[in-house]
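File shown: structure_4.pdb (PDB, C-alpha atoms).
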```
ATOM      1  CA  MET A   1     -51.929 -12.118 -94.590
ATOM      2  CA  LYS A   2     -49.470 -15.040 -94.568
ATOM      3  CA  ASN A   3     -47.376 -13.351 -97.284
ATOM      4  CA  LYS A   4     -47.145 -10.183 -95.167
ATOM      5  CA  LYS A   5     -45.761 -12.175 -92.205
ATOM      6  CA  ILE A   6     -43.182 -13.854 -94.425
ATOM      7  CA  LEU A   7     -42.210 -10.491 -95.931
ATOM      8  CA  ALA A   8     -41.929  -8.913 -92.443
ATOM      9  CA  CYS A   9     -39.722 -11.790 -91.215
ATOM     10  CA  LEU A  10     -37.545 -11.494 -94.314
ATOM     11  CA  ILE A  11     -37.125  -7.733 -93.818
ATOM     12  CA  ILE A  12     -36.249  -8.257 -90.130
ATOM     13  CA  ALA A  13     -33.664 -10.911 -91.069
ATOM     14  CA  ILE A  14     -32.091  -8.619 -93.678
ATOM     15  CA  LEU A  15     -31.997  -5.662 -91.253
ATOM     16  CA  PHE A  16     -30.416  -7.856 -88.570
ATOM     17  CA  GLN A  17     -27.684  -9.041 -90.950
ATOM     18  CA  ALA A  18     -27.034  -5.486 -92.127
ATOM     19  CA  SER A  19     -26.821  -4.228 -88.534
ATOM     20  CA  VAL A  20     -24.259  -6.946 -87.686
ATOM     21  CA  LEU A  21     -22.116  -5.897 -90.659
ATOM     22  CA  VAL A  22     -22.390  -2.201 -89.757
ATOM     23  CA  GLY A  23     -21.490  -3.038 -86.136
ATOM     24  CA  GLU A  24     -18.381  -4.946 -87.222
ATOM     25  CA  TYR A  25     -17.324  -2.068 -89.482
ATOM     26  CA  VAL A  26     -17.853   0.565 -86.790
ATOM     27  CA  SER A  27     -15.949  -1.571 -84.270
ATOM     28  CA  SER A  28     -12.947  -1.820 -86.599
ATOM     29  CA  VAL A  29     -12.768   1.904 -87.413
ATOM     30  CA  TYR A  30     -13.716   3.205 -83.948
ATOM     31  CA  PRO A  31     -10.053   3.605 -82.870
ATOM     32  CA  HIS A  32      -9.329   5.621 -86.033
ATOM     33  CA  TRP A  33     -12.226   7.988 -85.286
ATOM     34  CA  THR A  34     -11.762   8.477 -81.548
ATOM     35  CA  GLY A  35      -8.323   7.124 -80.679
ATOM     36  CA  LYS A  36      -5.102   8.789 -79.676
ATOM     37  CA  GLU A  37      -2.107   8.263 -81.945
ATOM     38  CA  ILE A  38       0.917   6.555 -80.382
ATOM     39  CA  ILE A  39       4.151   5.109 -81.778
ATOM     40  CA  LEU A  40       5.299   1.582 -80.906
ATOM     41  CA  LYS A  41       8.739   0.120 -81.527
ATOM     42  CA  MET A  42       8.746  -2.919 -83.786
ATOM     43  CA  ARG A  43      10.822  -6.096 -83.531
ATOM     44  CA  PRO A  44      12.085  -8.236 -86.361
ATOM     45  CA  VAL A  45       9.738 -11.040 -87.287
ATOM     46  CA  ASP A  46      10.733 -14.596 -88.101
ATOM     47  CA  PRO A  47      11.207 -14.424 -91.889
ATOM     48  CA  ARG A  48       9.771 -17.911 -92.381
ATOM     49  CA  SER A  49       6.240 -16.780 -91.527
ATOM     50  CA  MET A  50       6.437 -13.076 -92.181
ATOM     51  CA  PHE A  51       4.636 -12.734 -95.476
ATOM     52  CA  ARG A  52       1.377 -14.554 -96.157
ATOM     53  CA  GLY A  53      -0.806 -13.436 -99.026
ATOM     54  CA  GLN A  54      -1.051  -9.689 -99.268
ATOM     55  CA  TYR A  55      -0.095  -8.656 -95.776
ATOM     56  CA  VAL A  56       2.953  -8.375 -93.570
ATOM     57  CA  ASN A  57       3.147 -10.071 -90.160
ATOM     58  CA  LEU A  58       4.321  -7.569 -87.547
ATOM     59  CA  ASN A  59       5.761  -7.945 -84.080
ATOM     60  CA  TYR A  60       6.177  -5.281 -81.397
ATOM     61  CA  GLU A  61       8.199  -5.010 -78.233
ATOM     62  CA  ILE A  62       4.901  -5.085 -76.324
ATOM     63  CA  ASN A  63       4.005  -8.500 -77.820
ATOM     64  CA  SER A  64       6.381 -10.328 -75.459
ATOM     65  CA  LEU A  65       6.268  -9.125 -71.855
ATOM     66  CA  SER A  66       7.980 -10.401 -68.720
ATOM     67  CA  SER A  67       6.062 -11.424 -65.614
ATOM     68  CA  GLU A  68       7.727  -8.503 -63.784
ATOM     69  CA  LEU A  69       5.159  -6.225 -65.438
ATOM     70  CA  MET A  70       2.323  -8.336 -64.008
ATOM     71  CA  LYS A  71       2.536  -7.103 -60.416
ATOM     72  CA  GLU A  72      -1.205  -7.312 -59.794
ATOM     73  CA  ILE A  73      -1.632 -10.756 -61.396
ATOM     74  CA  ASP A  74      -0.734 -13.998 -59.635
ATOM     75  CA  THR A  75       1.332 -15.647 -62.378
ATOM     76  CA  SER A  76       2.149 -18.699 -60.251
ATOM     77  CA  ASP A  77      -1.236 -20.287 -60.900
ATOM     78  CA  GLN A  78      -3.290 -20.617 -64.066
ATOM     79  CA  THR A  79      -4.818 -17.101 -63.828
ATOM     80  CA  LEU A  80      -3.479 -16.250 -67.267
ATOM     81  CA  ARG A  81      -5.072 -18.598 -69.767
ATOM     82  CA  GLN A  82      -4.696 -18.513 -73.514
ATOM     83  CA  GLY A  83      -7.268 -16.081 -74.893
ATOM     84  CA  GLU A  84      -7.596 -14.176 -71.597
ATOM     85  CA  ILE A  85      -8.187 -10.430 -72.083
ATOM     86  CA  VAL A  86      -5.518  -8.240 -70.494
ATOM     87  CA  TYR A  87      -4.878  -4.509 -70.405
ATOM     88  CA  VAL A  88      -1.320  -3.305 -70.923
ATOM     89  CA  SER A  89      -0.652   0.129 -69.448
ATOM     90  CA  LEU A  90       1.664   2.231 -71.589
ATOM     91  CA  LYS A  91       4.109   5.011 -70.767
ATOM     92  CA  GLU A  92       5.768   7.388 -73.187
ATOM     93  CA  ASN A  93       9.556   7.442 -73.396
ATOM     94  CA  ASP A  94      11.017   9.954 -75.896
ATOM     95  CA  GLY A  95       7.950   9.757 -78.134
ATOM     96  CA  ILE A  96       7.841   5.937 -78.138
ATOM     97  CA  TRP A  97       5.277   4.110 -76.020
ATOM     98  CA  GLU A  98       6.353   1.137 -73.886
ATOM     99  CA  ALA A  99       4.570  -1.316 -71.601
ATOM    100  CA  SER A 100       4.618  -0.381 -67.916
ATOM    101  CA  SER A 101       2.250  -2.979 -66.406
ATOM    102  CA  VAL A 102      -0.255  -5.702 -67.283
ATOM    103  CA  ASN A 103      -3.651  -6.027 -65.586
ATOM    104  CA  LEU A 104      -6.740  -8.180 -65.872
ATOM    105  CA  SER A 105      -9.003  -5.176 -65.328
ATOM    106  CA  LYS A 106      -9.217  -2.000 -67.373
ATOM    107  CA  PRO A 107      -7.098   0.825 -65.891
ATOM    108  CA  LEU A 108      -9.047   3.850 -64.694
ATOM    109  CA  THR A 109      -6.437   6.348 -65.900
ATOM    110  CA  GLY A 110      -3.596   6.605 -68.366
ATOM    111  CA  MET A 111      -2.965   5.155 -71.807
ATOM    112  CA  PHE A 112      -3.513   1.417 -72.208
ATOM    113  CA  ILE A 113      -4.026  -1.163 -74.940
ATOM    114  CA  GLN A 114      -6.294  -4.196 -74.795
ATOM    115  CA  GLY A 115      -4.862  -7.545 -75.811
ATOM    116  CA  ARG A 116      -5.302 -11.299 -75.461
ATOM    117  CA  ILE A 117      -2.868 -13.794 -74.009
ATOM    118  CA  HIS A 118      -1.409 -15.769 -76.896
ATOM    119  CA  ARG A 119       0.887 -18.104 -74.931
ATOM    120  CA  ARG A 120       3.110 -18.354 -71.857
ATOM    121  CA  TRP A 121       6.759 -19.410 -71.753
ATOM    122  CA  ARG A 122       7.867 -21.060 -68.519
ATOM    123  CA  GLY A 123       5.834 -18.559 -66.496
ATOM    124  CA  SER A 124       8.348 -15.722 -66.965
ATOM    125  CA  THR A 125       7.255 -14.340 -70.327
ATOM    126  CA  VAL A 126       3.817 -13.889 -71.829
ATOM    127  CA  SER A 127       2.989 -13.379 -75.497
ATOM    128  CA  ILE A 128       0.101 -10.970 -76.066
ATOM    129  CA  LYS A 129      -1.715 -10.211 -79.335
ATOM    130  CA  TYR A 130      -3.470  -6.878 -79.872
ATOM    131  CA  GLY A 131      -5.085  -7.317 -83.289
ATOM    132  CA  ILE A 132      -2.510  -5.042 -84.948
ATOM    133  CA  GLU A 133      -0.074  -7.757 -85.973
ATOM    134  CA  ALA A 134      -0.948  -7.640 -89.692
ATOM    135  CA  TYR A 135      -0.532  -4.795 -92.179
ATOM    136  CA  PHE A 136      -2.426  -5.139 -95.450
ATOM    137  CA  ALA A 137      -0.860  -3.866 -98.674
ATOM    138  CA  SER A 138      -0.454  -4.782-102.313
ATOM    139  CA  PRO A 139       1.889  -7.747-102.899
ATOM    140  CA  LYS A 140       4.718  -5.487-104.120
ATOM    141  CA  ARG A 141       4.328  -2.977-101.259
ATOM    142  CA  ALA A 142       4.003  -5.781 -98.689
ATOM    143  CA  LYS A 143       7.329  -7.265 -99.824
ATOM    144  CA  GLU A 144       9.008  -3.827 -99.598
ATOM    145  CA  ILE A 145       7.630  -3.307 -96.091
ATOM    146  CA  GLU A 146       8.688  -6.813 -95.086
ATOM    147  CA  ASN A 147      12.288  -6.181 -96.157
ATOM    148  CA  SER A 148      12.449  -2.711 -94.565
ATOM    149  CA  VAL A 149      10.946  -3.843 -91.271
ATOM    150  CA  ARG A 150      13.245  -6.868 -91.055
ATOM    151  CA  LYS A 151      16.330  -4.726 -91.694
ATOM    152  CA  GLU A 152      15.445  -1.577 -89.736
ATOM    153  CA  SER A 153      13.764  -3.128 -86.687
ATOM    154  CA  ARG A 154      17.099  -4.728 -85.773
ATOM    155  CA  ASN A 155      18.552  -1.195 -85.766
ATOM    156  CA  GLY A 156      15.640   0.126 -83.685
ATOM    157  CA  LYS A 157      14.391   2.274 -86.579
ATOM    158  CA  ALA A 158      11.080   0.559 -87.483
ATOM    159  CA  PHE A 159       7.971   1.930 -85.794
ATOM    160  CA  ALA A 160       4.218   1.474 -86.040
ATOM    161  CA  ILE A 161       1.781   4.340 -85.745
ATOM    162  CA  VAL A 162      -1.199   2.998 -83.813
ATOM    163  CA  MET A 163      -4.514   4.590 -82.889
ATOM    164  CA  ILE A 164      -5.829   3.565 -79.462
ATOM    165  CA  ALA A 165      -9.420   4.268 -78.443
ATOM    166  CA  SER A 166     -10.462   5.052 -74.865
ATOM    167  CA  ASN A 167     -11.538   1.418 -74.348
ATOM    168  CA  GLY A 168      -8.042   0.128 -75.276
ATOM    169  CA  LYS A 169      -8.962  -1.146 -78.741
ATOM    170  CA  ALA A 170      -6.114  -0.527 -81.187
ATOM    171  CA  ALA A 171      -5.907  -0.042 -84.941
ATOM    172  CA  LEU A 172      -2.739   0.055 -87.000
ATOM    173  CA  LYS A 173      -2.507   3.351 -88.893
ATOM    174  CA  ASP A 174       0.875   3.164 -90.603
ATOM    175  CA  ILE A 175       4.417   1.828 -90.496
ATOM    176  CA  THR A 176       7.357   4.186 -90.531
ATOM    177  CA  ILE A 177      11.108   3.759 -90.823
ATOM    178  CA  LYS A 178      13.130   6.522 -89.100
TER     179      LYS A 178
END
```
Before we go any further, please render this structure as structure tokens.
Amino acid sequence: MKNKKILACLIIAILFQASVLVGEYVSSVYPHWTGKEIILKMRPVDPRSMFRGQYVNLNYEINSLSSELMKEIDTSDQTLRQGEIVYVSLKENDGIWEASSVNLSKPLTGMFIQGRIHRRWRGSTVSIKYGIEAYFASPKRAKEIENSVRKESRNGKAFAIVMIASNGKAALKDITIK
């Protein structure tokens, strides 16, 4: 009887751990399954911290946004704290998606991406991270991507193909040089 209780508790613990892992996996691939594909313009990244291990650090134009896009947020006080979840509404301009506004609540319509405040600079600019700032590849391929992105993003030719789910969660699909 006591052995059966121990066995039942062990099975429950194993199933709980497995369900957490499955939940994390589903959460990470959800945008790939249900999301809409968009293209974001990339910016050059500081070469000193660009390449760590087997991935490339990426930066987008939507990572650094001015307070002018935060019409509905009072940026004069401490409303925007580091780690705060924000929703960046996007608009398409010649096939490239750009930020049009930043809100603390999820937009009811239109395309948007969910991010977190990374830091503020003198109240006029806010850095936002979306979870798509790293691209994993083999060491050789990562170095090639790093060099191409650094060179071509200055010319406005480096783009990221991103999948965005209906809840704003984003997943990086690919990097392209046009």
Open item on the list: I want to know what sits within 6 Å of Val88 (chain A), based on all atoms listed in the file, with residues of the same chain fewer than 2 positions away left out; could you give that as a PyMOL selection string?
Closed with: chain A and resi 101-102+112-113
Given the selection you just returned, output its residues as a file containing C-alpha atoms, formatted as a PDB file, keeping the file's coordinate frame.
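See result_3.pdb below for the written result:
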```
ATOM      1  CA  SER A 101       2.250  -2.979 -66.406  1.00  0.00           C
ATOM      2  CA  VAL A 102      -0.255  -5.702 -67.283  1.00  0.00           C
ATOM      3  CA  PHE A 112      -3.513   1.417 -72.208  1.00  0.00           C
ATOM      4  CA  ILE A 113      -4.026  -1.163 -74.940  1.00  0.00           C
TER       5      ILE A 113
END
```
Provide an axis-aligned box for all listed atoms of region 80-87 of chain A, padding each side by 6 Å; report its centre and its edge lengths in Å to one decimal, as lines of an AutoDock Vina configuration file.
```
center_x = -5.8
center_y = -11.6
center_z = -71.1
size_x = 16.7
size_y = 26.1
size_z = 19.6
```
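Residues captured in this structure file are Leu80, Arg81, Gly83, Glu84, Ile85, Arg116, Ile117, His118, Arg119 and Arg120 of chain A, according to the PyMOL selection byres ((chain A and resi 82) around 9).
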Open item on the list: Just want the 9 Å neighbourhood of Ile145 (chain A), counted on all atoms listed in the file, with same-chain residues fewer than 6 positions away dropped. Output as a count of residues only.
Closed with: 3
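From CA of Pro31 (chain A) back to CA of Leu58 (chain A), the distance works out to 18.8 Å.
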- [ ] Record the distance separating CA of Ala99 (chain A) and CA of Glu144 (chain A), expressed in Å with one decimal.
- [x] 28.5 Å
Task: Expected selection from the PyMOL selection byres ((chain A and resi 33) around 12), given as an NGL selection string - done: :A and (26-32 or 34-37 or 163-166 or 169-171 or 173)
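The residue that comes closest to Glu68 (chain A), out of A:Ile132, A:Val126, A:Ala8, A:Ile161 and on the basis of all atoms listed in the file, is A:Val126.
Nearest residue to Ile38 (chain A), choosing from A:Pro139, A:Pro107, A:Gly23, A:Gly95 and counting all atoms listed in the file: A:Gly95.
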TODO: Spell out the residues picked by the PyMOL selection byres ((chain A and resi 133) around 7) here, as JSON, numbers by chain.
DONE: {"A": [57, 58, 59, 131, 132, 134, 135]}
Open item on the list: What's the separation between CA of Trp97 (chain A) and CA of Lys41 (chain A), in Å to one decimal place?
Closed with: 7.6 Å
When you look at Glu152 (chain A) with a cut-off of 9 Å (counting only C-alpha atoms), what residues show up, excluding the ones that are within fewer than 4 positions of it in the same chain? I need them as a PDB file with C-alpha atoms, in the coordinates of the input.
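Contents of out_30.pdb, as written:
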```pdb
ATOM      1  CA  ARG A  43      10.822  -6.096 -83.531  1.00  0.00           C
ATOM      2  CA  PRO A  44      12.085  -8.236 -86.361  1.00  0.00           C
ATOM      3  CA  ASN A 147      12.288  -6.181 -96.157  1.00  0.00           C
ATOM      4  CA  SER A 148      12.449  -2.711 -94.565  1.00  0.00           C
ATOM      5  CA  GLY A 156      15.640   0.126 -83.685  1.00  0.00           C
ATOM      6  CA  LYS A 157      14.391   2.274 -86.579  1.00  0.00           C
ATOM      7  CA  ALA A 158      11.080   0.559 -87.483  1.00  0.00           C
ATOM      8  CA  ILE A 177      11.108   3.759 -90.823  1.00  0.00           C
ATOM      9  CA  LYS A 178      13.130   6.522 -89.100  1.00  0.00           C
TER      10      LYS A 178
END
```
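Comparing the minimum interatomic distances between Leu104 (chain A) and each of A:Met70, A:Cys9, A:Arg150, A:Lys91, counting all atoms listed in the file, we find that A:Met70 sits nearest.
Closest to Leu172 (chain A) among A:Ser100, A:Gly110, A:Ala18, A:Leu40 is A:Leu40, based on only C-alpha atoms.
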